[in-house]
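J.: Contents of structure-v8.pdb (PDB, C-alpha atoms, pLDDT in the B column) are below:
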ATOM      1  CA  MET A   1     138.939 116.047 129.161  1.00 56.00           C
ATOM      2  CA  ILE A   2     135.340 115.013 128.801  1.00 68.00           C
ATOM      3  CA  ASP A   3     134.369 111.711 130.310  1.00 85.00           C
ATOM      4  CA  PHE A   4     132.714 110.284 127.222  1.00 87.00           C
ATOM      5  CA  MET A   5     131.246 107.363 129.098  1.00 86.00           C
ATOM      6  CA  LEU A   6     129.447 109.636 131.538  1.00 87.00           C
ATOM      7  CA  ALA A   7     128.286 111.906 128.715  1.00 91.00           C
ATOM      8  CA  ALA A   8     127.005 108.891 126.782  1.00 90.00           C
ATOM      9  CA  VAL A   9     125.002 107.699 129.781  1.00 89.00           C
ATOM     10  CA  VAL A  10     123.535 111.178 130.361  1.00 92.00           C
ATOM     11  CA  SER A  11     122.622 111.320 126.694  1.00 94.00           C
ATOM     12  CA  ALA A  12     120.975 107.884 126.865  1.00 93.00           C
ATOM     13  CA  PHE A  13     118.871 108.991 129.840  1.00 94.00           C
ATOM     14  CA  LEU A  14     117.938 112.169 127.955  1.00 95.00           C
ATOM     15  CA  ASN A  15     116.801 109.969 125.068  1.00 95.00           C
ATOM     16  CA  ILE A  16     114.647 107.919 127.395  1.00 95.00           C
ATOM     17  CA  GLY A  17     113.093 111.096 128.811  1.00 96.00           C
ATOM     18  CA  LEU A  18     112.382 112.525 125.350  1.00 96.00           C
ATOM     19  CA  LEU A  19     110.888 109.207 124.257  1.00 96.00           C
ATOM     20  CA  LEU A  20     108.622 109.200 127.313  1.00 96.00           C
ATOM     21  CA  VAL A  21     107.250 112.586 126.219  1.00 95.00           C
ATOM     22  CA  VAL A  22     106.722 111.327 122.662  1.00 95.00           C
ATOM     23  CA  ILE A  23     105.089 108.091 123.804  1.00 95.00           C
ATOM     24  CA  ALA A  24     102.779 109.969 126.186  1.00 95.00           C
ATOM     25  CA  THR A  25     101.548 112.145 123.298  1.00 94.00           C
ATOM     26  CA  TYR A  26     101.155 109.174 120.965  1.00 94.00           C
ATOM     27  CA  VAL A  27      99.238 107.152 123.548  1.00 94.00           C
ATOM     28  CA  GLN A  28      96.915 110.106 124.187  1.00 92.00           C
ATOM     29  CA  ASN A  29      96.201 110.248 120.471  1.00 91.00           C
ATOM     30  CA  MET A  30      95.817 106.483 120.240  1.00 91.00           C
ATOM     31  CA  GLN A  31      93.074 106.580 122.850  1.00 90.00           C
ATOM     32  CA  VAL A  32      91.026 108.785 120.537  1.00 89.00           C
ATOM     33  CA  ILE A  33      92.117 107.520 117.123  1.00 88.00           C
ATOM     34  CA  ARG A  34      92.551 103.752 117.055  1.00 87.00           C
ATOM     35  CA  SER A  35      94.350 102.895 113.843  1.00 87.00           C
ATOM     36  CA  TYR A  36      97.399 101.171 112.473  1.00 89.00           C
ATOM     37  CA  TYR A  37      99.092 104.547 112.241  1.00 90.00           C
ATOM     38  CA  THR A  38      98.737 105.564 115.885  1.00 91.00           C
ATOM     39  CA  SER A  39      99.590 102.100 117.213  1.00 93.00           C
ATOM     40  CA  GLY A  40     102.563 102.005 114.852  1.00 94.00           C
ATOM     41  CA  LEU A  41     103.849 105.301 116.246  1.00 94.00           C
ATOM     42  CA  VAL A  42     103.584 103.986 119.801  1.00 95.00           C
ATOM     43  CA  LEU A  43     105.325 100.750 118.824  1.00 96.00           C
ATOM     44  CA  VAL A  44     108.237 102.515 117.130  1.00 95.00           C
ATOM     45  CA  ALA A  45     108.740 104.912 120.024  1.00 95.00           C
ATOM     46  CA  ALA A  46     108.527 102.037 122.524  1.00 95.00           C
ATOM     47  CA  LEU A  47     111.129 100.025 120.615  1.00 96.00           C
ATOM     48  CA  LEU A  48     113.455 103.044 120.511  1.00 95.00           C
ATOM     49  CA  MET A  49     113.067 103.350 124.251  1.00 95.00           C
ATOM     50  CA  ILE A  50     113.888  99.684 124.775  1.00 95.00           C
ATOM     51  CA  GLN A  51     116.983 100.225 122.663  1.00 93.00           C
ATOM     52  CA  ASN A  52     118.131 103.045 124.919  1.00 93.00           C
ATOM     53  CA  ILE A  53     117.453 101.090 128.083  1.00 93.00           C
ATOM     54  CA  VAL A  54     119.389  98.160 126.648  1.00 92.00           C
ATOM     55  CA  ILE A  55     122.311 100.445 125.809  1.00 88.00           C
ATOM     56  CA  VAL A  56     122.479 101.671 129.394  1.00 89.00           C
ATOM     57  CA  LEU A  57     122.184  98.149 130.820  1.00 90.00           C
ATOM     58  CA  PHE A  58     124.691  96.513 128.483  1.00 87.00           C
ATOM     59  CA  TRP A  59     127.296  99.205 128.793  1.00 84.00           C
ATOM     60  CA  SER A  60     127.014  99.436 132.550  1.00 84.00           C
ATOM     61  CA  THR A  61     127.544  95.660 132.734  1.00 85.00           C
ATOM     62  CA  LEU A  62     130.498  95.981 130.429  1.00 81.00           C
ATOM     63  CA  TYR A  63     131.853  98.803 132.536  1.00 80.00           C
ATOM     64  CA  MET A  64     131.468  97.207 135.924  1.00 82.00           C
ATOM     65  CA  ASP A  65     132.258  93.585 135.230  1.00 78.00           C
ATOM     66  CA  ASP A  66     136.030  93.734 135.292  1.00 80.00           C
ATOM     67  CA  LYS A  67     138.984  96.044 134.849  1.00 83.00           C
ATOM     68  CA  ALA A  68     140.029  94.908 131.372  1.00 84.00           C
ATOM     69  CA  LEU A  69     136.518  95.303 129.960  1.00 83.00           C
ATOM     70  CA  MET A  70     136.227  98.708 131.612  1.00 83.00           C
ATOM     71  CA  MET A  71     139.378  99.899 129.874  1.00 84.00           C
ATOM     72  CA  SER A  72     138.235  98.689 126.482  1.00 83.00           C
ATOM     73  CA  ALA A  73     134.829 100.256 127.072  1.00 82.00           C
ATOM     74  CA  ASP A  74     136.557 103.543 127.891  1.00 84.00           C
ATOM     75  CA  MET A  75     138.583 103.336 124.703  1.00 86.00           C
ATOM     76  CA  VAL A  76     135.488 103.198 122.528  1.00 86.00           C
ATOM     77  CA  SER A  77     133.159 105.305 124.692  1.00 87.00           C
ATOM     78  CA  HIS A  78     133.355 108.277 122.332  1.00 88.00           C
ATOM     79  CA  TYR A  79     131.692 106.157 119.635  1.00 91.00           C
ATOM     80  CA  LEU A  80     128.818 105.401 121.967  1.00 89.00           C
ATOM     81  CA  PHE A  81     128.620 109.066 122.892  1.00 92.00           C
ATOM     82  CA  ALA A  82     128.431 110.073 119.228  1.00 94.00           C
ATOM     83  CA  ILE A  83     125.631 107.570 118.566  1.00 93.00           C
ATOM     84  CA  ASN A  84     123.655 108.703 121.590  1.00 94.00           C
ATOM     85  CA  ILE A  85     124.058 112.435 121.085  1.00 95.00           C
ATOM     86  CA  ILE A  86     122.912 112.178 117.451  1.00 96.00           C
ATOM     87  CA  GLN A  87     119.854 110.320 118.657  1.00 95.00           C
ATOM     88  CA  THR A  88     119.254 112.990 121.304  1.00 96.00           C
ATOM     89  CA  ILE A  89     119.308 115.710 118.644  1.00 97.00           C
ATOM     90  CA  GLY A  90     116.947 113.707 116.451  1.00 96.00           C
ATOM     91  CA  LEU A  91     114.525 113.020 119.276  1.00 96.00           C
ATOM     92  CA  SER A  92     114.590 116.673 120.359  1.00 97.00           C
ATOM     93  CA  VAL A  93     113.404 117.647 116.885  1.00 96.00           C
ATOM     94  CA  LEU A  94     110.709 114.963 117.065  1.00 95.00           C
ATOM     95  CA  VAL A  95     109.516 116.204 120.457  1.00 96.00           C
ATOM     96  CA  TRP A  96     109.437 119.769 119.150  1.00 95.00           C
ATOM     97  CA  ILE A  97     107.339 118.741 116.144  1.00 92.00           C
ATOM     98  CA  THR A  98     105.059 116.570 118.243  1.00 92.00           C
ATOM     99  CA  ARG A  99     104.378 119.045 121.029  1.00 90.00           C
ATOM    100  CA  ARG A 100     104.097 122.152 118.867  1.00 84.00           C
TER     101      ARG A 100
ATOM    102  CA  MET B 101     103.370  97.225  89.901  1.00 43.00           C
ATOM    103  CA  GLN B 102     102.263  95.244  86.916  1.00 47.00           C
ATOM    104  CA  SER B 103      99.082  97.265  86.598  1.00 46.00           C
ATOM    105  CA  TYR B 104     101.060 100.479  86.576  1.00 46.00           C
ATOM    106  CA  LEU B 105     103.056  99.251  83.632  1.00 46.00           C
ATOM    107  CA  LEU B 106      99.993  98.103  81.761  1.00 49.00           C
ATOM    108  CA  ASN B 107      98.207 101.390  82.253  1.00 52.00           C
ATOM    109  CA  ASP B 108     101.235 103.456  81.468  1.00 51.00           C
ATOM    110  CA  PRO B 109     100.632 105.737  78.492  1.00 52.00           C
ATOM    111  CA  LYS B 110     104.340 105.431  77.753  1.00 51.00           C
ATOM    112  CA  GLU B 111     103.916 101.687  77.270  1.00 48.00           C
ATOM    113  CA  GLU B 112     101.362 102.327  74.574  1.00 48.00           C
ATOM    114  CA  GLN B 113     103.757 104.663  72.889  1.00 49.00           C
ATOM    115  CA  LYS B 114     106.415 101.993  72.920  1.00 47.00           C
ATOM    116  CA  GLU B 115     104.089  99.488  71.287  1.00 46.00           C
ATOM    117  CA  PHE B 116     103.176 102.003  68.700  1.00 45.00           C
ATOM    118  CA  PHE B 117     106.838 102.597  68.097  1.00 45.00           C
ATOM    119  CA  ILE B 118     107.520  98.891  67.683  1.00 45.00           C
ATOM    120  CA  THR B 119     104.688  98.236  65.253  1.00 44.00           C
ATOM    121  CA  ASP B 120     105.223 101.433  63.379  1.00 45.00           C
ATOM    122  CA  THR B 121     108.784 100.895  62.253  1.00 46.00           C
ATOM    123  CA  ASN B 122     110.365  97.687  61.117  1.00 48.00           C
ATOM    124  CA  SER B 123     113.890  98.955  61.433  1.00 47.00           C
ATOM    125  CA  GLU B 124     116.599  97.492  63.670  1.00 49.00           C
ATOM    126  CA  GLN B 125     115.948 100.214  66.170  1.00 49.00           C
ATOM    127  CA  SER B 126     112.629  98.680  67.145  1.00 48.00           C
ATOM    128  CA  VAL B 127     114.287  95.350  67.953  1.00 47.00           C
ATOM    129  CA  PHE B 128     116.787  97.253  70.026  1.00 48.00           C
ATOM    130  CA  ALA B 129     113.948  98.903  71.929  1.00 48.00           C
ATOM    131  CA  VAL B 130     112.381  95.520  72.718  1.00 48.00           C
ATOM    132  CA  THR B 131     115.525  93.871  74.018  1.00 53.00           C
ATOM    133  CA  LEU B 132     116.503  96.712  76.342  1.00 51.00           C
ATOM    134  CA  PRO B 133     115.017  96.755  79.843  1.00 53.00           C
ATOM    135  CA  VAL B 134     112.203  99.254  79.734  1.00 56.00           C
ATOM    136  CA  PHE B 135     112.184 100.376  83.359  1.00 56.00           C
ATOM    137  CA  SER B 136     112.715 104.007  84.060  1.00 55.00           C
ATOM    138  CA  PHE B 137     112.653 105.751  87.399  1.00 54.00           C
ATOM    139  CA  PRO B 138     109.049 106.995  87.193  1.00 52.00           C
ATOM    140  CA  ASP B 139     107.900 103.465  86.244  1.00 55.00           C
ATOM    141  CA  VAL B 140     109.104 101.810  89.424  1.00 54.00           C
ATOM    142  CA  ILE B 141     107.801 104.519  91.758  1.00 55.00           C
ATOM    143  CA  PRO B 142     104.066 104.358  92.540  1.00 54.00           C
ATOM    144  CA  ARG B 143     101.992 107.131  91.034  1.00 55.00           C
ATOM    145  CA  GLY B 144     101.447 110.152  93.181  1.00 51.00           C
ATOM    146  CA  LEU B 145     104.342 109.516  95.509  1.00 54.00           C
ATOM    147  CA  PHE B 146     106.192 112.623  94.415  1.00 55.00           C
ATOM    148  CA  SER B 147     103.325 114.821  93.423  1.00 55.00           C
ATOM    149  CA  PHE B 148     100.385 116.120  95.372  1.00 54.00           C
ATOM    150  CA  SER B 149      97.768 116.516  92.687  1.00 51.00           C
ATOM    151  CA  GLY B 150      98.617 113.626  90.414  1.00 47.00           C
ATOM    152  CA  THR B 151      95.941 111.062  91.216  1.00 46.00           C
ATOM    153  CA  GLY B 152      92.987 113.369  90.797  1.00 45.00           C
ATOM    154  CA  ALA B 153      90.138 111.029  91.640  1.00 46.00           C
ATOM    155  CA  GLU B 154      88.096 112.146  94.655  1.00 51.00           C
ATOM    156  CA  SER B 155      87.649 108.661  96.018  1.00 63.00           C
ATOM    157  CA  SER B 156      91.333 107.792  96.315  1.00 78.00           C
ATOM    158  CA  PRO B 157      93.397 110.339  98.206  1.00 79.00           C
ATOM    159  CA  ASN B 158      97.015 110.937  97.325  1.00 84.00           C
ATOM    160  CA  PRO B 159      98.976 108.434  99.463  1.00 85.00           C
ATOM    161  CA  ARG B 160     101.692 110.910 100.284  1.00 87.00           C
ATOM    162  CA  PHE B 161      99.280 113.618 101.287  1.00 87.00           C
ATOM    163  CA  LYS B 162      97.398 111.055 103.355  1.00 88.00           C
ATOM    164  CA  MET B 163     100.565 110.290 105.307  1.00 88.00           C
ATOM    165  CA  ILE B 164     101.127 113.988 105.992  1.00 87.00           C
ATOM    166  CA  LEU B 165      97.550 114.404 107.167  1.00 89.00           C
ATOM    167  CA  TRP B 166      97.882 111.382 109.435  1.00 90.00           C
ATOM    168  CA  ALA B 167     101.147 112.733 110.841  1.00 90.00           C
ATOM    169  CA  ILE B 168      99.655 116.152 111.589  1.00 89.00           C
ATOM    170  CA  ILE B 169      96.507 114.688 113.154  1.00 90.00           C
ATOM    171  CA  ALA B 170      97.687 111.482 114.816  1.00 90.00           C
ATOM    172  CA  GLY B 171     101.308 112.373 115.498  1.00 90.00           C
ATOM    173  CA  THR B 172     100.994 115.667 117.330  1.00 90.00           C
ATOM    174  CA  ARG B 173      99.533 116.936 120.551  1.00 91.00           C
ATOM    175  CA  GLY B 174      96.053 118.355 119.939  1.00 88.00           C
ATOM    176  CA  GLY B 175      95.918 116.681 116.556  1.00 89.00           C
ATOM    177  CA  VAL B 176      92.372 115.523 117.177  1.00 89.00           C
ATOM    178  CA  ASN B 177      91.253 119.132 117.579  1.00 91.00           C
ATOM    179  CA  ARG B 178      93.037 119.954 114.338  1.00 91.00           C
ATOM    180  CA  ALA B 179      91.049 117.245 112.583  1.00 91.00           C
ATOM    181  CA  LYS B 180      87.850 118.655 114.039  1.00 90.00           C
ATOM    182  CA  ILE B 181      88.744 122.152 112.813  1.00 91.00           C
ATOM    183  CA  LEU B 182      89.427 120.812 109.310  1.00 90.00           C
ATOM    184  CA  ASN B 183      86.147 118.944 109.365  1.00 89.00           C
ATOM    185  CA  LEU B 184      84.346 122.098 110.468  1.00 89.00           C
ATOM    186  CA  VAL B 185      85.727 124.498 107.867  1.00 88.00           C
ATOM    187  CA  LYS B 186      85.248 121.830 105.196  1.00 87.00           C
ATOM    188  CA  GLU B 187      81.598 122.776 104.769  1.00 85.00           C
ATOM    189  CA  THR B 188      81.546 126.475 105.595  1.00 87.00           C
ATOM    190  CA  PRO B 189      84.507 128.838 105.973  1.00 87.00           C
ATOM    191  CA  MET B 190      84.696 130.149 109.535  1.00 88.00           C
ATOM    192  CA  ASN B 191      86.768 132.575 111.552  1.00 87.00           C
ATOM    193  CA  ALA B 192      88.758 131.530 114.603  1.00 88.00           C
ATOM    194  CA  ASN B 193      86.195 132.919 117.024  1.00 88.00           C
ATOM    195  CA  LYS B 194      83.346 130.922 115.563  1.00 89.00           C
ATOM    196  CA  ILE B 195      85.461 127.750 115.434  1.00 90.00           C
ATOM    197  CA  ALA B 196      86.213 128.206 119.131  1.00 92.00           C
ATOM    198  CA  THR B 197      82.520 128.602 119.954  1.00 91.00           C
ATOM    199  CA  VAL B 198      81.350 125.634 117.899  1.00 90.00           C
ATOM    200  CA  LEU B 199      84.061 123.253 119.121  1.00 90.00           C
ATOM    201  CA  ASN B 200      83.936 124.607 122.667  1.00 91.00           C
ATOM    202  CA  LEU B 201      87.669 125.323 122.674  1.00 91.00           C
ATOM    203  CA  ASP B 202      89.800 128.132 124.009  1.00 92.00           C
ATOM    204  CA  HIS B 203      90.222 130.970 121.504  1.00 90.00           C
ATOM    205  CA  LYS B 204      94.004 130.917 121.924  1.00 92.00           C
ATOM    206  CA  THR B 205      94.088 127.173 121.279  1.00 92.00           C
ATOM    207  CA  VAL B 206      92.155 127.602 118.062  1.00 92.00           C
ATOM    208  CA  ILE B 207      94.456 130.426 116.938  1.00 91.00           C
ATOM    209  CA  HIS B 208      97.447 128.146 117.553  1.00 92.00           C
ATOM    210  CA  HIS B 209      95.876 125.248 115.662  1.00 92.00           C
ATOM    211  CA  VAL B 210      94.837 127.274 112.626  1.00 90.00           C
ATOM    212  CA  LYS B 211      98.317 128.757 112.496  1.00 90.00           C
ATOM    213  CA  ILE B 212      99.848 125.286 112.357  1.00 90.00           C
ATOM    214  CA  LEU B 213      97.262 124.115 109.819  1.00 90.00           C
ATOM    215  CA  ALA B 214      97.877 127.174 107.667  1.00 90.00           C
ATOM    216  CA  LYS B 215     101.638 126.662 107.886  1.00 89.00           C
ATOM    217  CA  ASN B 216     101.152 123.120 106.614  1.00 87.00           C
ATOM    218  CA  GLU B 217      98.943 124.449 103.815  1.00 87.00           C
ATOM    219  CA  LEU B 218      95.846 122.575 104.845  1.00 90.00           C
ATOM    220  CA  ILE B 219      93.742 125.694 105.336  1.00 90.00           C
ATOM    221  CA  VAL B 220      94.056 129.196 103.997  1.00 89.00           C
ATOM    222  CA  LYS B 221      93.111 132.536 105.538  1.00 85.00           C
ATOM    223  CA  ALA B 222      90.905 134.978 103.681  1.00 80.00           C
ATOM    224  CA  GLU B 223      92.412 138.282 102.595  1.00 75.00           C
ATOM    225  CA  LYS B 224      90.778 140.605 105.119  1.00 69.00           C
ATOM    226  CA  ASP B 225      92.488 141.189 108.449  1.00 68.00           C
ATOM    227  CA  TYR B 226      89.764 141.308 111.058  1.00 73.00           C
ATOM    228  CA  GLY B 227      87.771 138.157 111.682  1.00 75.00           C
ATOM    229  CA  ALA B 228      89.309 136.488 108.653  1.00 82.00           C
ATOM    230  CA  GLU B 229      87.665 133.239 107.685  1.00 86.00           C
ATOM    231  CA  TYR B 230      89.588 130.052 107.137  1.00 88.00           C
ATOM    232  CA  GLN B 231      88.844 127.562 104.396  1.00 87.00           C
ATOM    233  CA  LEU B 232      90.453 124.416 103.003  1.00 89.00           C
ATOM    234  CA  THR B 233      93.236 124.750 100.464  1.00 87.00           C
ATOM    235  CA  GLN B 234      93.014 123.182  97.031  1.00 87.00           C
ATOM    236  CA  ILE B 235      95.198 120.206  98.018  1.00 86.00           C
ATOM    237  CA  MET B 236      93.104 119.570 101.090  1.00 87.00           C
ATOM    238  CA  LYS B 237      89.885 119.806  99.068  1.00 86.00           C
ATOM    239  CA  GLU B 238      91.191 117.297  96.548  1.00 88.00           C
ATOM    240  CA  ASN B 239      92.063 114.844  99.299  1.00 87.00           C
ATOM    241  CA  GLN B 240      89.038 115.297 101.522  1.00 87.00           C
ATOM    242  CA  SER B 241      88.397 111.560 101.560  1.00 88.00           C
ATOM    243  CA  ALA B 242      91.584 111.099 103.597  1.00 88.00           C
ATOM    244  CA  LEU B 243      90.195 113.446 106.243  1.00 88.00           C
ATOM    245  CA  GLU B 244      86.858 111.639 106.211  1.00 87.00           C
ATOM    246  CA  GLU B 245      88.684 108.369 106.781  1.00 86.00           C
ATOM    247  CA  ILE B 246      90.423 109.801 109.837  1.00 88.00           C
ATOM    248  CA  MET B 247      87.212 111.401 111.131  1.00 88.00           C
ATOM    249  CA  LEU B 248      85.582 107.986 110.915  1.00 87.00           C
ATOM    250  CA  LYS B 249      88.303 106.585 113.163  1.00 84.00           C
ATOM    251  CA  ILE B 250      87.878 109.436 115.635  1.00 84.00           C
ATOM    252  CA  GLY B 251      84.139 108.828 115.645  1.00 73.00           C
ATOM    253  CA  THR B 252      82.072 110.641 118.221  1.00 58.00           C
ATOM    254  CA  LYS B 253      84.676 110.681 120.992  1.00 52.00           C
TER     255      LYS B 253
END
Any chance you could put this one into structure tokens?
T.:
Amino acid sequence: MIDFMLAAVVSAFLNIGLLLVVIATYVQNMQVIRSYYTSGLVLVAALLMIQNIVIVLFWSTLYMDDKALMMSADMVSHYLFAINIIQTIGLSVLVWITRR
Amino acid sequence: MQSYLLNDPKEEQKEFFITDTNSEQSVFAVTLPVFSFPDVIPRGLFSFSGTGAESSPNPRFKMILWAIIAGTRGGVNRAKILNLVKETPMNANKIATVLNLDHKTVIHHVKILAKNELIVKAEKDYGAEYQLTQIMKENQSALEEIMLKIGTK
């Protein structure tokens, strides 16, 4: 059986990596074109990254704090995995479009 | 939004309809809410060539142009290529020489630009020249706006 919690964490780290690539490209463009559009792109990507970092932090706290919380976290980990993997797919498409 | 409604040719038709007939139907037409889907959506949002005027680029096209230029790697070079072929159609080799870019890079960029229907390749095979498409020509002011932001960097 798949450990959904582990898969969710891997997926969250993948998201952070993909977002780093996107942000790097956006920042490079922002250095040349200073406009609301380029800064907006950087802001959105940065916020998405914060979201992913927060997910990892919150869920690891939830997981490690005590036994009862760990069990409940395990019971719903497949939901978290689904959310993260969908985001990974979405970000992969974004990276592909951005780096093409 | 209000100005859209006031300038709407359909609105004029409605008024004409109301003053023209004195039947009950006209009263009915007045009391009913007159919003329809196209009324509440800004002009040009779902069409590329709707706005027409050279000075105001189509907002939707403008977003696409911004996305291709500001949202992708090498977008700045794409803007420069568009700006270059705007005046005189050029082939990839000449673009590479003028912009001091790698030939392969230029080939890649023009391919992407052509795929997004911003430039079009001439019929002949060897040394084919690229020029702006009709949509791009109509919305040149959007490109100029972006080129202004890029400046001389």
J.: Evaluate the ChimeraX specification (/B :<10) & /A on the structure here and hand back the selected residues as a CSV table (one decimal) with C-alpha atoms, keeping the file's coordinate frame.
T.:
chain,number,residue,atom,x,y,z
A,22,VAL,CA,106.7,111.3,122.7
A,24,ALA,CA,102.8,110.0,126.2
A,25,THR,CA,101.5,112.1,123.3
A,26,TYR,CA,101.2,109.2,121.0
A,27,VAL,CA,99.2,107.2,123.5
A,28,GLN,CA,96.9,110.1,124.2
A,29,ASN,CA,96.2,110.2,120.5
A,30,MET,CA,95.8,106.5,120.2
A,31,GLN,CA,93.1,106.6,122.8
A,32,VAL,CA,91.0,108.8,120.5
A,33,ILE,CA,92.1,107.5,117.1
A,34,ARG,CA,92.6,103.8,117.1
A,35,SER,CA,94.4,102.9,113.8
A,37,TYR,CA,99.1,104.5,112.2
A,38,THR,CA,98.7,105.6,115.9
A,39,SER,CA,99.6,102.1,117.2
A,41,LEU,CA,103.8,105.3,116.2
A,42,VAL,CA,103.6,104.0,119.8
A,94,LEU,CA,110.7,115.0,117.1
A,95,VAL,CA,109.5,116.2,120.5
A,96,TRP,CA,109.4,119.8,119.2
A,97,ILE,CA,107.3,118.7,116.1
A,98,THR,CA,105.1,116.6,118.2
A,99,ARG,CA,104.4,119.0,121.0
A,100,ARG,CA,104.1,122.2,118.9
J.: List the residues matched by the PyMOL selection byres ((chain A and resi 73) around 12) in the displayed structure as a list in words, ordered by chain and then by residue number.
T.: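 Matching residues under the PyMOL selection byres ((chain A and resi 73) around 12) are Asp3, Phe4, Met5, Leu6, Ala8, Phe58, Trp59, Ser60, Thr61, Leu62, Tyr63, Met64, Asp65, Asp66, Lys67, Ala68, Leu69, Met70, Met71, Ser72, Asp74, Met75, Val76, Ser77, His78, Tyr79, Leu80 and Phe81 of chain A.
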J.: What does the distance from CA of Thr88 in chain A to CA of Val21 in chain A come to in Å, to one decimal?
T.: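 A separation of 13.0 Å between them.
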J.: Do you know which residues are at most 8 Å from Asn239 in chain B counting only C-alpha atoms, after dropping those on the same chain fewer than 4 positions away, and could you put them as a PyMOL selection string?
T.: chain B and resi 154+156-158+161-162+235+243
J.: What does the distance between CA of His203 in chain B and CA of Met236 in chain B come to in Å, to one decimal place?
T.: 23.6 Å
J.: Could you write out as a ChimeraX atom specification the residues that the PyMOL selection byres ((chain B and resi 219-222) around 12) matches in the shown file?
T.: /B:178-179,181-186,189-192,207,209-218,223-237
J.: How about saving the chosen residues, C-alpha atoms kept, as a PDB file, keeping the file's coordinate frame?
T.:
ATOM      1  CA  ARG B 178      93.037 119.954 114.338  1.00 91.00           C
ATOM      2  CA  ALA B 179      91.049 117.245 112.583  1.00 91.00           C
ATOM      3  CA  ILE B 181      88.744 122.152 112.813  1.00 91.00           C
ATOM      4  CA  LEU B 182      89.427 120.812 109.310  1.00 90.00           C
ATOM      5  CA  ASN B 183      86.147 118.944 109.365  1.00 89.00           C
ATOM      6  CA  LEU B 184      84.346 122.098 110.468  1.00 89.00           C
ATOM      7  CA  VAL B 185      85.727 124.498 107.867  1.00 88.00           C
ATOM      8  CA  LYS B 186      85.248 121.830 105.196  1.00 87.00           C
ATOM      9  CA  PRO B 189      84.507 128.838 105.973  1.00 87.00           C
ATOM     10  CA  MET B 190      84.696 130.149 109.535  1.00 88.00           C
ATOM     11  CA  ASN B 191      86.768 132.575 111.552  1.00 87.00           C
ATOM     12  CA  ALA B 192      88.758 131.530 114.603  1.00 88.00           C
ATOM     13  CA  ILE B 207      94.456 130.426 116.938  1.00 91.00           C
ATOM     14  CA  HIS B 209      95.876 125.248 115.662  1.00 92.00           C
ATOM     15  CA  VAL B 210      94.837 127.274 112.626  1.00 90.00           C
ATOM     16  CA  LYS B 211      98.317 128.757 112.496  1.00 90.00           C
ATOM     17  CA  ILE B 212      99.848 125.286 112.357  1.00 90.00           C
ATOM     18  CA  LEU B 213      97.262 124.115 109.819  1.00 90.00           C
ATOM     19  CA  ALA B 214      97.877 127.174 107.667  1.00 90.00           C
ATOM     20  CA  LYS B 215     101.638 126.662 107.886  1.00 89.00           C
ATOM     21  CA  ASN B 216     101.152 123.120 106.614  1.00 87.00           C
ATOM     22  CA  GLU B 217      98.943 124.449 103.815  1.00 87.00           C
ATOM     23  CA  LEU B 218      95.846 122.575 104.845  1.00 90.00           C
ATOM     24  CA  GLU B 223      92.412 138.282 102.595  1.00 75.00           C
ATOM     25  CA  LYS B 224      90.778 140.605 105.119  1.00 69.00           C
ATOM     26  CA  ASP B 225      92.488 141.189 108.449  1.00 68.00           C
ATOM     27  CA  TYR B 226      89.764 141.308 111.058  1.00 73.00           C
ATOM     28  CA  GLY B 227      87.771 138.157 111.682  1.00 75.00           C
ATOM     29  CA  ALA B 228      89.309 136.488 108.653  1.00 82.00           C
ATOM     30  CA  GLU B 229      87.665 133.239 107.685  1.00 86.00           C
ATOM     31  CA  TYR B 230      89.588 130.052 107.137  1.00 88.00           C
ATOM     32  CA  GLN B 231      88.844 127.562 104.396  1.00 87.00           C
ATOM     33  CA  LEU B 232      90.453 124.416 103.003  1.00 89.00           C
ATOM     34  CA  THR B 233      93.236 124.750 100.464  1.00 87.00           C
ATOM     35  CA  GLN B 234      93.014 123.182  97.031  1.00 87.00           C
ATOM     36  CA  ILE B 235      95.198 120.206  98.018  1.00 86.00           C
ATOM     37  CA  MET B 236      93.104 119.570 101.090  1.00 87.00           C
ATOM     38  CA  LYS B 237      89.885 119.806  99.068  1.00 86.00           C
TER      39      LYS B 237
END
J.: Would you list the contacts of Ala45 in chain A as a PyMOL selection string, taking every protein, DNA or RNA residue within 7 Å and counting all atoms listed in the file, but skipping same-chain residues closer than 4 positions in sequence?
T.: chain A and resi 19+23+41+49
J.: For a test of reading the model, state the distance in Å between CA of Lys204 in chain B and CA of Glu187 in chain B, rounded to one decimal.
T.: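 Going from CA of Lys204 in chain B over to CA of Glu187 in chain B covers 22.7 Å.
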J.: Using all atoms of range 14-20 of chain A listed in the file and a margin of 3 Å per side, can you give the axis-aligned box centre and edge lengths in Å to one decimal, as lines of an AutoDock Vina configuration file?
T.:
center_x = 113.3
center_y = 110.2
center_z = 126.5
size_x = 15.3
size_y = 10.6
size_z = 10.6
